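Shown next, in structure tokens, is the structure this report addresses.
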There are 2 protein chains.
Amino acid sequence: MTRLLTALVAVPLLLALILWAPSWAFTLVASCVAFLAYFELSGLARKQGHSVLGVGYVATPMLVASFHLEPHASFLLSVEGAALFAMLAIGVASVSLRTPGRESWSAVSASAFSVFYVGVLLGSLVGVRGLPPDVSGRSWTIFLLAVVMLGDGGAYYTGRAIGRRPLAPTLSPKKTVEGLVGGIAVSVLAALGTNATLLPEIPMWHAAALGLGIAVLAAIGDLFESLLKRSAGVKDTSGLIPGHGGFLDRLDSILFAAPLVYSYRLLVTA
Amino acid sequence: MTRLLTALVAVPLLLALILWAPSWAFTLVASCVAFLAYFELSGLARKQGHSVLGVGYVATPMLVASFHLEPHASFLLSVEGAALFAMLAIGVASVSLRTPGRESWSAVSASAFSVFYVGVLLGSLVGVRGLPPDVSGRSWTIFLLAVVMLGDGGAYYTGRAIGRRPLAPTLSPKKTVEGLVGGIAVSVLAALGTNATLLPEIPMWHAAALGLGIAVLAAIGDLFESLLKRSAGVKDTSGLIPGHGGFLDRLDSILFAAPLVYSYRLLVTA
């Protein structure tokens with residue numbers, strides 16, 4: 001019930017953000033989500049007895065936002081500049097703590113991982129929305145989300161109906177090979193459907209190939225998040241979204257699929 | 001003795017590489033060093049009971065090499081593209097291991113940290129050498145190395161002569177505030193000296209400010225490396241350079257100072 005109510009509020013808001021708001025508003029929201037995702041990863045680290053550096057709360061949103069102007073950014077606003085700043089900031093923050101010991105390595109590693117995991121992958125979603133022309137940015141964002149989310153649903157129902165062979169029993173016991181195949185099929189159909197309606201600018205077989213690629217990457221992103229949660233011994237990354245777990249629980253698939261769509265837009269349609 | 005002999009072989013080779021070899025040769029050598037630095041970091045991780053992912057042996061050199069064509073790279077050869085590839089590769093490699101547990105977080109974190117620490121910072125050194133015009137690339141590389149190395153020497157001798165107040169006793173017990181000040185002074189002088197001879201293209205006060213900035217960042221880079229080594233309980237990152245420890249022991253200061261020189265070249269002289 002909570003889950004449904006949250007969706008009823010969040011989905012229209014998300015759609016409004018993508019369809020009507022300017023791209024900088026999308027970047028701003030993504031940067032706030034990056035801040036919260038870093039908070040969630042700090043929670044996973046804490047569960048394992050580690051800590052993360054506070055500087056990541058600044059560096060992660062900066063890295064995400066740095067994708068806003070790519071590929072025509074000046075160095076200071078570029079992904080390259082933000083990545084260099086983030087790495088130096090982690091170094092400065094860690095030596096100014098001056099509490100060396102076995103914990104230092106874990107804190108530095110967890111911070112760098114969290115900053116770059118959220119920073120570059122969520123950043124590529126900002127890039128998907130932000131690359132001109134504006135109308136394409138909107139369509140491509142809807143395309144990505146539709147293919148991932150409908151594929152998710154397809155995998156769930158196919159798995160429940162005919163799932164037998166476990167996909168990755170140690171990581172995510174409920175996932176099956178059949179579910180994966182069903183999810184891929186639905187993703188490809190969703191890609192073709194969006195192609196026919198919202199995104200006519202690319203050839204049909206490109207849309208199908210992207211649907212396939214997105215589905216595979218999304219599945220890997222999901223398993224990767226499971227790996228991190230298993231390691232921390234938790235089921236959800238946080239309880240920040242009522243009924244839905246944390247932001248990373250909702251984003252895991254999108255984080256891995258976004259770089260593909262971003263690359264495609266940059267290389268083929270730009 | 002071993003230390004001296006190694007220096008007698010390595011320094012002329014390094015100078016020849018910078019002064020006569022084309023920039024792609026410098027990038028190639030830096031990429032090989034990145035491979036070895038990742039190996040050294042994997043050793044530090046192992047000392048603490050962690051492991052790193054093999055995919056970092058590919059991703060780290062790629063990230064370093066991606067700076068070769070910046071800022072005019074096409075996406076596939078850009079820092080941005082390499083960073084996205086590296087993060088996705090870490091995800092794919094870690095879920096295909098399928099051995100989840102408390103170790104997963106540490107392995108993923110240590111791998112991401114090692115790839116991005118070496119990748120973007122050593123990459124910026126490739127950028128210092130690679131930014132056109134070619135003759136400037138050579139001069140700037142010499143400038144950076146001279147300021148860092150002479151500053152190192154200055155800090156050592158000043159500290160030994162008049163050093164009293166410890167700088168960061170928990171990280172590096174032998175370093176003193178007096179040594180740091182002496183090092184900064186020598187760095188600024190080295191910067192002014194190089195400016196007067198090899199690098200007349202920038203104003204004197206820029207050279208002095210860069211000398212100061214390089215000295216401070218180099219000191220932080222050195223402390224950061226000490227932090228990592230303390231955490232692992234080792235004195236050297238490896239024994240790969242006879243008499244000199246590992247590549248990271250020699251590179252630590254340069255890694256933190258290179259982004260400053262790279263940024264300066266991109267923003268001011270480019």
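Going by the structure tokens order, chains are called A, B, ..., each with residues numbered from 1, while ligands are numbered from 1 in the order shown.
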
Just fit chain A onto chain B on all the Cα atoms, in order, by least squares, and give it as a PDB file with C-alpha atoms, in the first residue's frame.
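Heads up, here's the output in selection-v1.pdb:
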```pdb
ATOM      1  CA  MET A   1      74.828   1.911  -3.624  1.00  0.00           C
ATOM      2  CA  THR A   2      72.000   0.059  -5.395  1.00  0.00           C
ATOM      3  CA  ARG A   3      69.988   3.264  -5.006  1.00  0.00           C
ATOM      4  CA  LEU A   4      72.670   5.347  -6.697  1.00  0.00           C
ATOM      5  CA  LEU A   5      73.241   2.863  -9.526  1.00  0.00           C
ATOM      6  CA  THR A   6      69.524   2.708 -10.267  1.00  0.00           C
ATOM      7  CA  ALA A   7      69.335   6.509 -10.356  1.00  0.00           C
ATOM      8  CA  LEU A   8      72.348   6.662 -12.693  1.00  0.00           C
ATOM      9  CA  VAL A   9      70.488   4.428 -15.145  1.00  0.00           C
ATOM     10  CA  ALA A  10      66.927   5.680 -14.645  1.00  0.00           C
ATOM     11  CA  VAL A  11      67.401   9.468 -14.651  1.00  0.00           C
ATOM     12  CA  PRO A  12      69.128   9.687 -18.076  1.00  0.00           C
ATOM     13  CA  LEU A  13      66.515   7.313 -19.505  1.00  0.00           C
ATOM     14  CA  LEU A  14      63.698   9.448 -18.097  1.00  0.00           C
ATOM     15  CA  LEU A  15      65.293  12.638 -19.410  1.00  0.00           C
ATOM     16  CA  ALA A  16      65.767  11.080 -22.847  1.00  0.00           C
ATOM     17  CA  LEU A  17      62.132  10.000 -22.827  1.00  0.00           C
ATOM     18  CA  ILE A  18      60.929  13.508 -22.017  1.00  0.00           C
ATOM     19  CA  LEU A  19      63.377  15.481 -24.165  1.00  0.00           C
ATOM     20  CA  TRP A  20      63.586  13.388 -27.324  1.00  0.00           C
ATOM     21  CA  ALA A  21      60.888  10.749 -27.539  1.00  0.00           C
ATOM     22  CA  PRO A  22      57.531  11.594 -29.134  1.00  0.00           C
ATOM     23  CA  SER A  23      54.620  12.169 -26.768  1.00  0.00           C
ATOM     24  CA  TRP A  24      52.994   8.824 -27.590  1.00  0.00           C
ATOM     25  CA  ALA A  25      56.115   7.080 -26.250  1.00  0.00           C
ATOM     26  CA  PHE A  26      55.701   8.991 -22.990  1.00  0.00           C
ATOM     27  CA  THR A  27      52.042   7.914 -22.870  1.00  0.00           C
ATOM     28  CA  LEU A  28      53.030   4.310 -23.537  1.00  0.00           C
ATOM     29  CA  VAL A  29      55.570   4.312 -20.707  1.00  0.00           C
ATOM     30  CA  ALA A  30      53.063   6.008 -18.371  1.00  0.00           C
ATOM     31  CA  SER A  31      50.491   3.328 -19.225  1.00  0.00           C
ATOM     32  CA  CYS A  32      52.985   0.581 -18.364  1.00  0.00           C
ATOM     33  CA  VAL A  33      53.758   2.355 -15.093  1.00  0.00           C
ATOM     34  CA  ALA A  34      49.990   2.517 -14.432  1.00  0.00           C
ATOM     35  CA  PHE A  35      49.823  -1.261 -14.845  1.00  0.00           C
ATOM     36  CA  LEU A  36      52.665  -1.696 -12.321  1.00  0.00           C
ATOM     37  CA  ALA A  37      51.153   0.841  -9.916  1.00  0.00           C
ATOM     38  CA  TYR A  38      47.892  -1.122  -9.962  1.00  0.00           C
ATOM     39  CA  PHE A  39      49.965  -4.203  -9.148  1.00  0.00           C
ATOM     40  CA  GLU A  40      51.529  -2.347  -6.207  1.00  0.00           C
ATOM     41  CA  LEU A  41      48.138  -1.242  -4.886  1.00  0.00           C
ATOM     42  CA  SER A  42      46.890  -4.826  -5.194  1.00  0.00           C
ATOM     43  CA  GLY A  43      49.825  -5.746  -2.942  1.00  0.00           C
ATOM     44  CA  LEU A  44      48.764  -3.143  -0.353  1.00  0.00           C
ATOM     45  CA  ALA A  45      45.219  -4.521  -0.510  1.00  0.00           C
ATOM     46  CA  ARG A  46      46.444  -8.101  -0.090  1.00  0.00           C
ATOM     47  CA  LYS A  47      48.434  -7.140   3.013  1.00  0.00           C
ATOM     48  CA  GLN A  48      45.099  -6.135   4.550  1.00  0.00           C
ATOM     49  CA  GLY A  49      43.352  -9.337   3.555  1.00  0.00           C
ATOM     50  CA  HIS A  50      41.569  -7.888   0.513  1.00  0.00           C
ATOM     51  CA  SER A  51      41.919  -8.575  -3.170  1.00  0.00           C
ATOM     52  CA  VAL A  52      41.453  -6.421  -6.262  1.00  0.00           C
ATOM     53  CA  LEU A  53      39.756  -7.237  -9.550  1.00  0.00           C
ATOM     54  CA  GLY A  54      41.961  -8.242 -12.485  1.00  0.00           C
ATOM     55  CA  VAL A  55      40.049  -5.902 -14.791  1.00  0.00           C
ATOM     56  CA  GLY A  56      41.916  -2.973 -13.230  1.00  0.00           C
ATOM     57  CA  TYR A  57      45.065  -4.074 -15.067  1.00  0.00           C
ATOM     58  CA  VAL A  58      43.288  -3.095 -18.271  1.00  0.00           C
ATOM     59  CA  ALA A  59      41.165  -0.177 -17.047  1.00  0.00           C
ATOM     60  CA  THR A  60      43.971   1.745 -15.306  1.00  0.00           C
ATOM     61  CA  PRO A  61      46.344   1.985 -18.294  1.00  0.00           C
ATOM     62  CA  MET A  62      43.359   2.823 -20.518  1.00  0.00           C
ATOM     63  CA  LEU A  63      42.329   5.675 -18.257  1.00  0.00           C
ATOM     64  CA  VAL A  64      45.893   7.023 -18.171  1.00  0.00           C
ATOM     65  CA  ALA A  65      46.210   6.785 -21.949  1.00  0.00           C
ATOM     66  CA  SER A  66      42.839   8.483 -22.452  1.00  0.00           C
ATOM     67  CA  PHE A  67      44.428  11.780 -21.390  1.00  0.00           C
ATOM     68  CA  HIS A  68      46.709  11.624 -24.430  1.00  0.00           C
ATOM     69  CA  LEU A  69      44.251  13.258 -26.820  1.00  0.00           C
ATOM     70  CA  GLU A  70      42.408  15.528 -24.389  1.00  0.00           C
ATOM     71  CA  PRO A  71      40.864  18.047 -24.656  1.00  0.00           C
ATOM     72  CA  HIS A  72      40.126  17.267 -28.287  1.00  0.00           C
ATOM     73  CA  ALA A  73      39.349  13.577 -27.995  1.00  0.00           C
ATOM     74  CA  SER A  74      36.372  11.876 -29.530  1.00  0.00           C
ATOM     75  CA  PHE A  75      34.158  10.336 -26.862  1.00  0.00           C
ATOM     76  CA  LEU A  76      35.514   6.790 -27.224  1.00  0.00           C
ATOM     77  CA  LEU A  77      39.065   7.997 -26.581  1.00  0.00           C
ATOM     78  CA  SER A  78      38.167  10.611 -23.968  1.00  0.00           C
ATOM     79  CA  VAL A  79      38.702  10.563 -20.229  1.00  0.00           C
ATOM     80  CA  GLU A  80      34.922  10.599 -19.845  1.00  0.00           C
ATOM     81  CA  GLY A  81      34.548   7.494 -22.035  1.00  0.00           C
ATOM     82  CA  ALA A  82      37.380   5.683 -20.267  1.00  0.00           C
ATOM     83  CA  ALA A  83      35.951   6.508 -16.826  1.00  0.00           C
ATOM     84  CA  LEU A  84      32.525   5.133 -17.796  1.00  0.00           C
ATOM     85  CA  PHE A  85      34.130   2.022 -19.273  1.00  0.00           C
ATOM     86  CA  ALA A  86      36.235   1.488 -16.140  1.00  0.00           C
ATOM     87  CA  MET A  87      33.260   1.718 -13.794  1.00  0.00           C
ATOM     88  CA  LEU A  88      31.106  -0.629 -15.901  1.00  0.00           C
ATOM     89  CA  ALA A  89      34.007  -3.077 -16.260  1.00  0.00           C
ATOM     90  CA  ILE A  90      34.437  -3.199 -12.478  1.00  0.00           C
ATOM     91  CA  GLY A  91      30.718  -3.958 -12.137  1.00  0.00           C
ATOM     92  CA  VAL A  92      30.734  -6.694 -14.770  1.00  0.00           C
ATOM     93  CA  ALA A  93      33.897  -8.280 -13.382  1.00  0.00           C
ATOM     94  CA  SER A  94      32.624  -8.303  -9.824  1.00  0.00           C
ATOM     95  CA  VAL A  95      29.250  -9.889 -10.568  1.00  0.00           C
ATOM     96  CA  SER A  96      30.829 -12.506 -12.817  1.00  0.00           C
ATOM     97  CA  LEU A  97      33.015 -13.632  -9.910  1.00  0.00           C
ATOM     98  CA  ARG A  98      29.840 -14.730  -8.138  1.00  0.00           C
ATOM     99  CA  THR A  99      31.470 -15.129  -4.766  1.00  0.00           C
ATOM    100  CA  PRO A 100      29.564 -12.621  -2.707  1.00  0.00           C
ATOM    101  CA  GLY A 101      30.298 -12.069   0.925  1.00  0.00           C
ATOM    102  CA  ARG A 102      31.863  -9.469   3.127  1.00  0.00           C
ATOM    103  CA  GLU A 103      34.904  -9.466   0.860  1.00  0.00           C
ATOM    104  CA  SER A 104      32.974  -8.179  -2.185  1.00  0.00           C
ATOM    105  CA  TRP A 105      32.658  -4.623  -0.935  1.00  0.00           C
ATOM    106  CA  SER A 106      36.377  -4.408  -0.156  1.00  0.00           C
ATOM    107  CA  ALA A 107      37.389  -5.870  -3.508  1.00  0.00           C
ATOM    108  CA  VAL A 108      35.092  -3.581  -5.480  1.00  0.00           C
ATOM    109  CA  SER A 109      36.087  -0.510  -3.441  1.00  0.00           C
ATOM    110  CA  ALA A 110      39.817  -1.192  -3.590  1.00  0.00           C
ATOM    111  CA  SER A 111      39.622  -1.803  -7.341  1.00  0.00           C
ATOM    112  CA  ALA A 112      37.662   1.368  -8.067  1.00  0.00           C
ATOM    113  CA  PHE A 113      39.956   3.414  -5.850  1.00  0.00           C
ATOM    114  CA  SER A 114      43.120   2.004  -7.430  1.00  0.00           C
ATOM    115  CA  VAL A 115      41.866   2.483 -10.983  1.00  0.00           C
ATOM    116  CA  PHE A 116      40.798   6.098 -10.443  1.00  0.00           C
ATOM    117  CA  TYR A 117      43.653   7.131  -8.161  1.00  0.00           C
ATOM    118  CA  VAL A 118      46.322   6.017 -10.615  1.00  0.00           C
ATOM    119  CA  GLY A 119      44.158   6.531 -13.697  1.00  0.00           C
ATOM    120  CA  VAL A 120      43.163  10.162 -13.416  1.00  0.00           C
ATOM    121  CA  LEU A 121      46.207  11.488 -11.563  1.00  0.00           C
ATOM    122  CA  LEU A 122      48.888   9.772 -13.648  1.00  0.00           C
ATOM    123  CA  GLY A 123      46.671  10.565 -16.627  1.00  0.00           C
ATOM    124  CA  SER A 124      47.041  14.261 -15.891  1.00  0.00           C
ATOM    125  CA  LEU A 125      50.821  13.820 -16.175  1.00  0.00           C
ATOM    126  CA  VAL A 126      50.245  12.339 -19.630  1.00  0.00           C
ATOM    127  CA  GLY A 127      48.188  15.468 -20.291  1.00  0.00           C
ATOM    128  CA  VAL A 128      51.021  17.753 -19.131  1.00  0.00           C
ATOM    129  CA  ARG A 129      53.347  16.119 -21.678  1.00  0.00           C
ATOM    130  CA  GLY A 130      50.756  15.625 -24.388  1.00  0.00           C
ATOM    131  CA  LEU A 131      49.059  19.019 -24.666  1.00  0.00           C
ATOM    132  CA  PRO A 132      50.288  20.808 -27.786  1.00  0.00           C
ATOM    133  CA  PRO A 133      52.576  22.433 -28.738  1.00  0.00           C
ATOM    134  CA  ASP A 134      55.012  19.571 -28.394  1.00  0.00           C
ATOM    135  CA  VAL A 135      57.947  21.712 -27.262  1.00  0.00           C
ATOM    136  CA  SER A 136      55.829  23.136 -24.418  1.00  0.00           C
ATOM    137  CA  GLY A 137      54.802  19.620 -23.382  1.00  0.00           C
ATOM    138  CA  ARG A 138      58.461  18.749 -22.919  1.00  0.00           C
ATOM    139  CA  SER A 139      59.290  21.960 -21.012  1.00  0.00           C
ATOM    140  CA  TRP A 140      56.264  21.682 -18.733  1.00  0.00           C
ATOM    141  CA  THR A 141      57.064  18.065 -17.867  1.00  0.00           C
ATOM    142  CA  ILE A 142      60.623  19.028 -16.937  1.00  0.00           C
ATOM    143  CA  PHE A 143      59.257  22.005 -14.978  1.00  0.00           C
ATOM    144  CA  LEU A 144      56.912  19.776 -12.946  1.00  0.00           C
ATOM    145  CA  LEU A 145      59.526  17.107 -12.234  1.00  0.00           C
ATOM    146  CA  ALA A 146      62.225  19.653 -11.391  1.00  0.00           C
ATOM    147  CA  VAL A 147      60.017  21.586  -8.972  1.00  0.00           C
ATOM    148  CA  VAL A 148      58.848  18.407  -7.230  1.00  0.00           C
ATOM    149  CA  MET A 149      62.237  16.695  -7.041  1.00  0.00           C
ATOM    150  CA  LEU A 150      64.299  19.711  -6.030  1.00  0.00           C
ATOM    151  CA  GLY A 151      61.600  20.602  -3.489  1.00  0.00           C
ATOM    152  CA  ASP A 152      61.835  17.063  -2.114  1.00  0.00           C
ATOM    153  CA  GLY A 153      65.573  17.479  -1.693  1.00  0.00           C
ATOM    154  CA  GLY A 154      65.117  20.921  -0.133  1.00  0.00           C
ATOM    155  CA  ALA A 155      62.615  19.541   2.374  1.00  0.00           C
ATOM    156  CA  TYR A 156      64.937  16.680   3.280  1.00  0.00           C
ATOM    157  CA  TYR A 157      68.010  18.812   3.966  1.00  0.00           C
ATOM    158  CA  THR A 158      66.131  21.661   5.674  1.00  0.00           C
ATOM    159  CA  GLY A 159      64.388  19.141   7.896  1.00  0.00           C
ATOM    160  CA  ARG A 160      67.634  17.423   8.776  1.00  0.00           C
ATOM    161  CA  ALA A 161      69.346  20.717   9.562  1.00  0.00           C
ATOM    162  CA  ILE A 162      66.728  22.650  11.537  1.00  0.00           C
ATOM    163  CA  GLY A 163      63.628  20.445  11.690  1.00  0.00           C
ATOM    164  CA  ARG A 164      61.909  20.424  15.076  1.00  0.00           C
ATOM    165  CA  ARG A 165      58.121  20.596  14.862  1.00  0.00           C
ATOM    166  CA  PRO A 166      56.636  17.358  13.522  1.00  0.00           C
ATOM    167  CA  LEU A 167      54.351  17.907  10.532  1.00  0.00           C
ATOM    168  CA  ALA A 168      52.160  14.809  10.665  1.00  0.00           C
ATOM    169  CA  PRO A 169      53.634  12.508  13.312  1.00  0.00           C
ATOM    170  CA  THR A 170      51.046   9.773  12.878  1.00  0.00           C
ATOM    171  CA  LEU A 171      51.534   9.584   9.120  1.00  0.00           C
ATOM    172  CA  SER A 172      55.190  10.264   8.497  1.00  0.00           C
ATOM    173  CA  PRO A 173      57.180  10.716  11.720  1.00  0.00           C
ATOM    174  CA  LYS A 174      60.318  12.132  10.103  1.00  0.00           C
ATOM    175  CA  LYS A 175      58.623  15.060   8.339  1.00  0.00           C
ATOM    176  CA  THR A 176      58.805  18.472   9.993  1.00  0.00           C
ATOM    177  CA  VAL A 177      57.142  21.833   9.491  1.00  0.00           C
ATOM    178  CA  GLU A 178      60.573  23.350   8.914  1.00  0.00           C
ATOM    179  CA  GLY A 179      61.265  20.768   6.229  1.00  0.00           C
ATOM    180  CA  LEU A 180      57.991  21.601   4.510  1.00  0.00           C
ATOM    181  CA  VAL A 181      58.812  25.308   4.517  1.00  0.00           C
ATOM    182  CA  GLY A 182      62.308  24.642   3.186  1.00  0.00           C
ATOM    183  CA  GLY A 183      60.863  22.413   0.486  1.00  0.00           C
ATOM    184  CA  ILE A 184      58.366  25.063  -0.537  1.00  0.00           C
ATOM    185  CA  ALA A 185      61.127  27.682  -0.734  1.00  0.00           C
ATOM    186  CA  VAL A 186      63.288  25.459  -2.932  1.00  0.00           C
ATOM    187  CA  SER A 187      60.287  24.585  -5.103  1.00  0.00           C
ATOM    188  CA  VAL A 188      59.509  28.243  -5.702  1.00  0.00           C
ATOM    189  CA  LEU A 189      63.165  28.914  -6.561  1.00  0.00           C
ATOM    190  CA  ALA A 190      63.216  25.900  -8.882  1.00  0.00           C
ATOM    191  CA  ALA A 191      60.056  27.179 -10.556  1.00  0.00           C
ATOM    192  CA  LEU A 192      61.612  30.635 -11.036  1.00  0.00           C
ATOM    193  CA  GLY A 193      64.823  29.083 -12.331  1.00  0.00           C
ATOM    194  CA  THR A 194      62.999  26.913 -14.871  1.00  0.00           C
ATOM    195  CA  ASN A 195      60.886  29.922 -15.818  1.00  0.00           C
ATOM    196  CA  ALA A 196      64.015  31.954 -16.545  1.00  0.00           C
ATOM    197  CA  THR A 197      65.604  29.274 -18.683  1.00  0.00           C
ATOM    198  CA  LEU A 198      63.317  26.617 -20.114  1.00  0.00           C
ATOM    199  CA  LEU A 199      59.842  28.072 -19.768  1.00  0.00           C
ATOM    200  CA  PRO A 200      59.840  31.788 -20.547  1.00  0.00           C
ATOM    201  CA  GLU A 201      56.256  31.663 -21.849  1.00  0.00           C
ATOM    202  CA  ILE A 202      54.649  32.445 -18.468  1.00  0.00           C
ATOM    203  CA  PRO A 203      54.965  35.514 -16.196  1.00  0.00           C
ATOM    204  CA  MET A 204      57.328  35.255 -13.242  1.00  0.00           C
ATOM    205  CA  TRP A 205      54.650  35.510 -10.595  1.00  0.00           C
ATOM    206  CA  HIS A 206      52.699  32.689 -12.248  1.00  0.00           C
ATOM    207  CA  ALA A 207      55.809  30.528 -12.036  1.00  0.00           C
ATOM    208  CA  ALA A 208      56.258  31.377  -8.352  1.00  0.00           C
ATOM    209  CA  ALA A 209      52.601  30.661  -7.569  1.00  0.00           C
ATOM    210  CA  LEU A 210      52.791  27.349  -9.435  1.00  0.00           C
ATOM    211  CA  GLY A 211      55.955  26.452  -7.513  1.00  0.00           C
ATOM    212  CA  LEU A 212      54.113  27.088  -4.256  1.00  0.00           C
ATOM    213  CA  GLY A 213      51.032  25.131  -5.334  1.00  0.00           C
ATOM    214  CA  ILE A 214      53.087  22.214  -6.618  1.00  0.00           C
ATOM    215  CA  ALA A 215      55.077  22.037  -3.374  1.00  0.00           C
ATOM    216  CA  VAL A 216      51.944  21.947  -1.213  1.00  0.00           C
ATOM    217  CA  LEU A 217      50.180  19.356  -3.372  1.00  0.00           C
ATOM    218  CA  ALA A 218      53.336  17.259  -3.585  1.00  0.00           C
ATOM    219  CA  ALA A 219      53.571  17.223   0.211  1.00  0.00           C
ATOM    220  CA  ILE A 220      49.932  16.125   0.461  1.00  0.00           C
ATOM    221  CA  GLY A 221      50.487  13.413  -2.152  1.00  0.00           C
ATOM    222  CA  ASP A 222      53.432  12.143  -0.150  1.00  0.00           C
ATOM    223  CA  LEU A 223      51.412  12.047   3.081  1.00  0.00           C
ATOM    224  CA  PHE A 224      48.527  10.344   1.286  1.00  0.00           C
ATOM    225  CA  GLU A 225      50.837   7.568   0.090  1.00  0.00           C
ATOM    226  CA  SER A 226      52.165   7.235   3.657  1.00  0.00           C
ATOM    227  CA  LEU A 227      48.593   6.865   4.881  1.00  0.00           C
ATOM    228  CA  LEU A 228      47.967   4.006   2.442  1.00  0.00           C
ATOM    229  CA  LYS A 229      51.243   2.309   3.377  1.00  0.00           C
ATOM    230  CA  ARG A 230      50.613   2.724   7.104  1.00  0.00           C
ATOM    231  CA  SER A 231      47.219   1.174   6.653  1.00  0.00           C
ATOM    232  CA  ALA A 232      48.817  -1.827   4.966  1.00  0.00           C
ATOM    233  CA  GLY A 233      51.682  -1.885   7.447  1.00  0.00           C
ATOM    234  CA  VAL A 234      54.422  -1.660   4.821  1.00  0.00           C
ATOM    235  CA  LYS A 235      57.328   0.726   4.273  1.00  0.00           C
ATOM    236  CA  ASP A 236      57.487   0.591   0.477  1.00  0.00           C
ATOM    237  CA  THR A 237      54.731  -0.016  -2.047  1.00  0.00           C
ATOM    238  CA  SER A 238      56.923  -2.664  -3.727  1.00  0.00           C
ATOM    239  CA  GLY A 239      60.555  -3.455  -4.496  1.00  0.00           C
ATOM    240  CA  LEU A 240      60.172  -3.000  -8.235  1.00  0.00           C
ATOM    241  CA  ILE A 241      62.759  -0.184  -8.483  1.00  0.00           C
ATOM    242  CA  PRO A 242      65.989  -1.510  -6.923  1.00  0.00           C
ATOM    243  CA  GLY A 243      66.959   0.665  -3.972  1.00  0.00           C
ATOM    244  CA  HIS A 244      63.990   3.012  -4.431  1.00  0.00           C
ATOM    245  CA  GLY A 245      60.970   0.961  -3.364  1.00  0.00           C
ATOM    246  CA  GLY A 246      58.059   0.962  -5.767  1.00  0.00           C
ATOM    247  CA  PHE A 247      56.803   3.161  -8.551  1.00  0.00           C
ATOM    248  CA  LEU A 248      54.185   4.687  -6.281  1.00  0.00           C
ATOM    249  CA  ASP A 249      56.914   5.612  -3.770  1.00  0.00           C
ATOM    250  CA  ARG A 250      58.595   7.660  -6.486  1.00  0.00           C
ATOM    251  CA  LEU A 251      55.378   8.988  -7.994  1.00  0.00           C
ATOM    252  CA  ASP A 252      53.300   9.914  -4.937  1.00  0.00           C
ATOM    253  CA  SER A 253      54.187  13.645  -4.957  1.00  0.00           C
ATOM    254  CA  ILE A 254      54.013  13.973  -8.736  1.00  0.00           C
ATOM    255  CA  LEU A 255      50.568  12.350  -8.849  1.00  0.00           C
ATOM    256  CA  PHE A 256      49.056  15.144  -6.763  1.00  0.00           C
ATOM    257  CA  ALA A 257      50.984  18.007  -8.377  1.00  0.00           C
ATOM    258  CA  ALA A 258      50.360  16.991 -12.002  1.00  0.00           C
ATOM    259  CA  PRO A 259      46.634  17.972 -12.046  1.00  0.00           C
ATOM    260  CA  LEU A 260      47.585  21.545 -11.089  1.00  0.00           C
ATOM    261  CA  VAL A 261      50.067  21.916 -13.936  1.00  0.00           C
ATOM    262  CA  TYR A 262      47.672  20.198 -16.333  1.00  0.00           C
ATOM    263  CA  SER A 263      44.842  22.552 -15.345  1.00  0.00           C
ATOM    264  CA  TYR A 264      47.115  25.556 -15.692  1.00  0.00           C
ATOM    265  CA  ARG A 265      48.202  24.514 -19.166  1.00  0.00           C
ATOM    266  CA  LEU A 266      44.608  23.914 -20.256  1.00  0.00           C
ATOM    267  CA  LEU A 267      43.179  27.093 -18.769  1.00  0.00           C
ATOM    268  CA  VAL A 268      45.920  29.653 -19.176  1.00  0.00           C
ATOM    269  CA  THR A 269      48.318  28.738 -21.922  1.00  0.00           C
ATOM    270  CA  ALA A 270      46.052  26.716 -24.220  1.00  0.00           C
TER     271      ALA A 270
END
```

Members of stretch 106-171 of chain A assigned alpha helix (DSSP H) by DSSP, as a PyMOL selection string:
chain A and resi 106-130+134-162
